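For reference, the structure discussed in these notes is given below.
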Amino acid sequence: MIGFETKNVELPELDFGKVEAWLGEVAASHGKRIGNVNYLFCDDEEILRVNREFLRHDYFTDIITFDYSRRDRIGGDIFISLDTVRSNAEDLGVAYDNELLRVIAHGVLHLCGIDDKGPGEREIMEANEDAALALWTELKEEGE
């Protein structure tokens with residue numbers, strides 16, 4: 001089950017039924033099943049608070065993922081700052097919705113065991129994000 005909540009922001013305008021089905025497909029493509037995954041969309045102030053309190057980092061970020069996965073069933077809490085997603089989209093010259101979907105997939109990919117901090121890992125994560133976005137486009141076209 002995937003939950004979507006907000007703190008200090010409005011819920012993004014997405015079809016969350018489709019998002020949930022898509023994330024299930026993303027997880028399945030990595031041999032995983034969705035357990036309890038909770039997304040909390042928030043503002044920069046909230047993600048900074050979480051970053052300081054739980055990770056001892058004093059900076060803004062677009063996403064923080066807390067992984068509670070067991071074996072092949074993924075679970076976790078995923079915090080996404082919509083403020084940072086918006087500024088990143090502007091900096092990268094991409095559509096906000098596309099960047100938001102990339103970050104949403106990024107969280108599930110972390111729960112699937114894909115990291116992005118070590119040497120060469122960022123490129124692996126980006127390739128998996130691109131594959132997830134291609135799957136989103138494919139599923140969206142099937143539904144039209």
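Residue numbering restarts at 1 for every chain of the structure tokens, chains are lettered A, B, ... in their displayed order, and ligands are numbered from 1 as they appear.
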
Spatial neighbours of region 110-118 of chain A, 9 Å, only C-alpha atoms, chain gap at least 2 places, as JSON, numbers by chain: {"A": [27, 30, 31, 32, 65, 66, 67, 68, 69, 72, 73, 74, 75, 76, 105, 106, 107, 108, 120, 121, 122, 123, 124, 125, 126, 128]}

Restricted to N, CA, C and O atoms, what would the selected residues look like written as a CSV table (one decimal), in the first residue's frame?
```
chain,number,residue,atom,x,y,z
A,27,ALA,N,8.8,-1.4,-8.9
A,27,ALA,CA,9.3,-2.3,-7.9
A,27,ALA,C,9.4,-3.7,-8.5
A,27,ALA,O,10.5,-4.4,-8.3
A,30,HIS,N,12.4,-4.8,-10.4
A,30,HIS,CA,13.6,-5.0,-9.6
A,30,HIS,C,13.4,-6.2,-8.7
A,30,HIS,O,14.1,-6.4,-7.7
A,31,GLY,N,12.3,-7.0,-9.0
A,31,GLY,CA,12.1,-8.2,-8.2
A,31,GLY,C,11.5,-7.9,-6.8
A,31,GLY,O,11.7,-8.8,-5.9
A,32,LYS,N,10.9,-6.8,-6.6
A,32,LYS,CA,10.3,-6.4,-5.3
A,32,LYS,C,8.8,-6.2,-5.4
A,32,LYS,O,8.3,-6.0,-6.4
A,65,THR,N,14.8,9.4,2.1
A,65,THR,CA,14.1,8.1,2.1
A,65,THR,C,14.6,7.3,3.4
A,65,THR,O,15.8,7.1,3.6
A,66,PHE,N,13.6,6.9,4.2
A,66,PHE,CA,13.9,6.0,5.3
A,66,PHE,C,13.4,4.6,4.9
A,66,PHE,O,12.2,4.4,4.6
A,67,ASP,N,14.3,3.6,4.9
A,67,ASP,CA,14.1,2.3,4.3
A,67,ASP,C,13.7,1.3,5.4
A,67,ASP,O,14.5,1.1,6.3
A,68,TYR,N,12.5,0.7,5.3
A,68,TYR,CA,12.1,-0.3,6.3
A,68,TYR,C,11.8,-1.6,5.6
A,68,TYR,O,11.0,-2.4,6.0
A,69,SER,N,12.5,-1.8,4.4
A,69,SER,CA,12.2,-3.0,3.6
A,69,SER,C,12.7,-4.3,4.2
A,69,SER,O,13.7,-4.3,5.0
A,72,ASP,N,12.0,-9.2,-0.1
A,72,ASP,CA,11.5,-8.7,-1.4
A,72,ASP,C,10.3,-7.7,-1.2
A,72,ASP,O,9.8,-7.2,-2.2
A,73,ARG,N,9.9,-7.4,0.0
A,73,ARG,CA,8.8,-6.4,0.2
A,73,ARG,C,9.4,-5.1,0.7
A,73,ARG,O,10.0,-5.0,1.7
A,74,ILE,N,9.2,-4.1,-0.2
A,74,ILE,CA,9.8,-2.8,0.1
A,74,ILE,C,8.8,-2.0,1.0
A,74,ILE,O,7.6,-2.1,0.9
A,75,GLY,N,9.4,-1.2,1.9
A,75,GLY,CA,8.6,-0.3,2.7
A,75,GLY,C,9.5,0.9,3.2
A,75,GLY,O,10.7,0.7,3.3
A,76,GLY,N,8.8,2.0,3.5
A,76,GLY,CA,9.6,3.1,4.0
A,76,GLY,C,8.8,4.4,4.0
A,76,GLY,O,7.6,4.4,3.5
A,105,ALA,N,9.9,8.3,-8.2
A,105,ALA,CA,10.5,7.0,-8.6
A,105,ALA,C,11.9,6.8,-7.8
A,105,ALA,O,12.2,5.7,-7.4
A,106,HIS,N,12.6,7.9,-7.7
A,106,HIS,CA,13.9,7.8,-7.0
A,106,HIS,C,13.8,7.2,-5.6
A,106,HIS,O,14.6,6.3,-5.2
A,107,GLY,N,12.7,7.6,-4.9
A,107,GLY,CA,12.5,7.0,-3.6
A,107,GLY,C,12.2,5.5,-3.6
A,107,GLY,O,12.8,4.8,-2.8
A,108,VAL,N,11.4,5.0,-4.5
A,108,VAL,CA,11.1,3.6,-4.6
A,108,VAL,C,12.4,2.9,-5.1
A,108,VAL,O,12.7,1.8,-4.6
A,120,GLY,N,30.2,5.8,-9.4
A,120,GLY,CA,29.4,5.2,-10.4
A,120,GLY,C,28.0,4.9,-10.1
A,120,GLY,O,27.2,4.6,-11.0
A,121,GLU,N,27.6,5.1,-8.9
A,121,GLU,CA,26.2,4.8,-8.5
A,121,GLU,C,25.2,5.8,-9.0
A,121,GLU,O,24.1,5.5,-9.3
A,122,ARG,N,25.6,7.1,-9.1
A,122,ARG,CA,24.7,8.1,-9.6
A,122,ARG,C,24.2,7.8,-11.0
A,122,ARG,O,23.1,7.9,-11.3
A,123,GLU,N,25.2,7.3,-11.8
A,123,GLU,CA,24.8,7.0,-13.2
A,123,GLU,C,23.8,5.8,-13.3
A,123,GLU,O,22.9,5.8,-14.1
A,124,ILE,N,24.0,4.8,-12.4
A,124,ILE,CA,23.1,3.7,-12.3
A,124,ILE,C,21.7,4.1,-11.9
A,124,ILE,O,20.7,3.7,-12.4
A,125,MET,N,21.7,5.0,-10.9
A,125,MET,CA,20.4,5.5,-10.4
A,125,MET,C,19.7,6.3,-11.5
A,125,MET,O,18.5,6.1,-11.7
A,126,GLU,N,20.4,7.2,-12.2
A,126,GLU,CA,19.8,7.9,-13.3
A,126,GLU,C,19.3,7.0,-14.4
A,126,GLU,O,18.2,7.3,-14.9
A,128,ASN,N,18.2,4.0,-14.0
A,128,ASN,CA,16.9,3.4,-13.5
A,128,ASN,C,15.8,4.4,-13.4
A,128,ASN,O,14.6,4.1,-13.6
```

Nearby residues (only C-alpha atoms) at most 10 Å from region 97-102 of chain A, same-chain spacing under 6 positions excluded, as a ChimeraX atom specification: /A:12-14,19,62,80-82,84-90,126,128-130,132-133,136

DSSP-assigned helix (DSSP H, G or I) members of region 39-140 of chain A, reported as a ChimeraX atom specification: /A:44-55,82-92,96-111,121-140

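CA of Asn36 (chain A) to CA of Arg52 (chain A) spans 24.5 Å [interatomic distance, one decimal].
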
Among listed residues A:Leu48, A:Ala131, A:Ile2, A:Leu11, nearest Ile78 (chain A) (using only C-alpha atoms): A:Ile2

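Every residue of region 10-142 of chain A found in strand (DSSP E or B) when DSSP is run on the backbone appears here: Arg33, Ile34, Gly35, Asn36, Val37, Asn38, Tyr39, Leu40, Phe41, Cys42, Ile63, Ile64, Thr65, Phe66, Asp67, Arg70, Arg73, Ile74, Gly75, Gly76, Asp77, Ile78, Phe79, Ile80 and Ser81 of chain A.
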
Output C-alpha atoms of each residue in that selection to a file, as a tab-separated table (two decimals), in the first residue's frame.
```tsv
chain	number	residue	atom	x	y	z
A	33	ARG	CA	6.79	-5.98	-4.05
A	34	ILE	CA	5.27	-2.88	-2.49
A	35	GLY	CA	4.64	-3.11	1.23
A	36	ASN	CA	3.89	0.01	3.29
A	37	VAL	CA	5.36	3.01	1.51
A	38	ASN	CA	4.42	6.49	2.71
A	39	TYR	CA	5.17	9.64	0.76
A	40	LEU	CA	5.11	12.93	2.63
A	41	PHE	CA	5.17	15.96	0.34
A	42	CYS	CA	6.46	18.98	2.25
A	63	ILE	CA	14.16	13.72	-1.09
A	64	ILE	CA	14.93	11.77	2.06
A	65	THR	CA	14.13	8.06	2.14
A	66	PHE	CA	13.86	5.98	5.30
A	67	ASP	CA	14.06	2.31	4.32
A	70	ARG	CA	12.37	-6.67	4.36
A	73	ARG	CA	8.83	-6.41	0.19
A	74	ILE	CA	9.78	-2.75	0.14
A	75	GLY	CA	8.60	-0.29	2.73
A	76	GLY	CA	9.59	3.11	3.98
A	77	ASP	CA	8.87	6.76	4.56
A	78	ILE	CA	9.78	9.11	1.73
A	79	PHE	CA	9.90	12.88	2.30
A	80	ILE	CA	9.85	15.06	-0.81
A	81	SER	CA	10.31	18.83	-0.72
```

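The shortest atom-to-atom distance to Ala134 (chain A), with only C-alpha atoms taken into account, belongs to A:Trp22 out of A:Val50, A:Trp22, A:Ala28, A:Leu92.
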
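We find CA of Arg56 (chain A) and CA of Ile104 (chain A) to be spaced 23.0 Å apart.
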
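Excluding Lys18 (chain A) itself and same-chain residues fewer than 2 positions from it, the residues having an atom within 10 Å of it are Leu14, Asp15, Phe16, Glu20, Ala21, Trp22, Leu23, Gly24, Trp136, Leu139, Lys140 and Gly143 of chain A, counting only C-alpha atoms.
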
Those same residues - C-alpha atoms - I'd like them written as a PDB file, in the first residue's frame.
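selection_11.pdb, freshly written:
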```
ATOM      1  CA  LEU A  14      -1.276  13.718 -10.051  1.00  0.00           C
ATOM      2  CA  ASP A  15      -3.473  10.696 -10.634  1.00  0.00           C
ATOM      3  CA  PHE A  16      -2.308   8.832  -7.533  1.00  0.00           C
ATOM      4  CA  GLU A  20       0.608   3.678  -7.270  1.00  0.00           C
ATOM      5  CA  ALA A  21       0.222   1.191 -10.147  1.00  0.00           C
ATOM      6  CA  TRP A  22       3.335   2.599 -11.812  1.00  0.00           C
ATOM      7  CA  LEU A  23       5.424   2.331  -8.648  1.00  0.00           C
ATOM      8  CA  GLY A  24       4.266  -1.276  -8.270  1.00  0.00           C
ATOM      9  CA  TRP A 136       5.305   5.861 -16.745  1.00  0.00           C
ATOM     10  CA  LEU A 139       1.473   3.043 -18.866  1.00  0.00           C
ATOM     11  CA  LYS A 140       0.015   6.510 -19.429  1.00  0.00           C
ATOM     12  CA  GLY A 143      -4.582   4.255 -20.366  1.00  0.00           C
TER      13      GLY A 143
END
```

Residues within 9 Å of Arg49 (chain A), only C-alpha atoms, excluding chain neighbours under 5 positions, as a PyMOL selection string: chain A and resi 44+54+58

Requested write-out: N, CA, C and O atoms of the selected residues, as an mmCIF file, in the first residue's frame:
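Heads up, here's the output in selection_23.cif:
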```cif
data_model
loop_
_atom_site.group_PDB
_atom_site.id
_atom_site.type_symbol
_atom_site.label_atom_id
_atom_site.label_comp_id
_atom_site.auth_asym_id
_atom_site.auth_seq_id
_atom_site.Cartn_x
_atom_site.Cartn_y
_atom_site.Cartn_z
ATOM 1 N N ASP A 44 10.467 23.203 1.982
ATOM 2 C CA ASP A 44 11.895 23.178 2.303
ATOM 3 C C ASP A 44 12.160 23.196 3.803
ATOM 4 O O ASP A 44 13.077 22.525 4.280
ATOM 5 N N PHE A 54 17.255 13.794 11.833
ATOM 6 C CA PHE A 54 17.492 12.365 11.664
ATOM 7 C C PHE A 54 18.813 12.022 10.989
ATOM 8 O O PHE A 54 19.352 10.942 11.215
ATOM 9 N N ASP A 58 22.800 19.607 7.476
ATOM 10 C CA ASP A 58 22.255 20.956 7.581
ATOM 11 C C ASP A 58 22.130 21.585 6.193
ATOM 12 O O ASP A 58 22.785 22.570 5.885
#
```
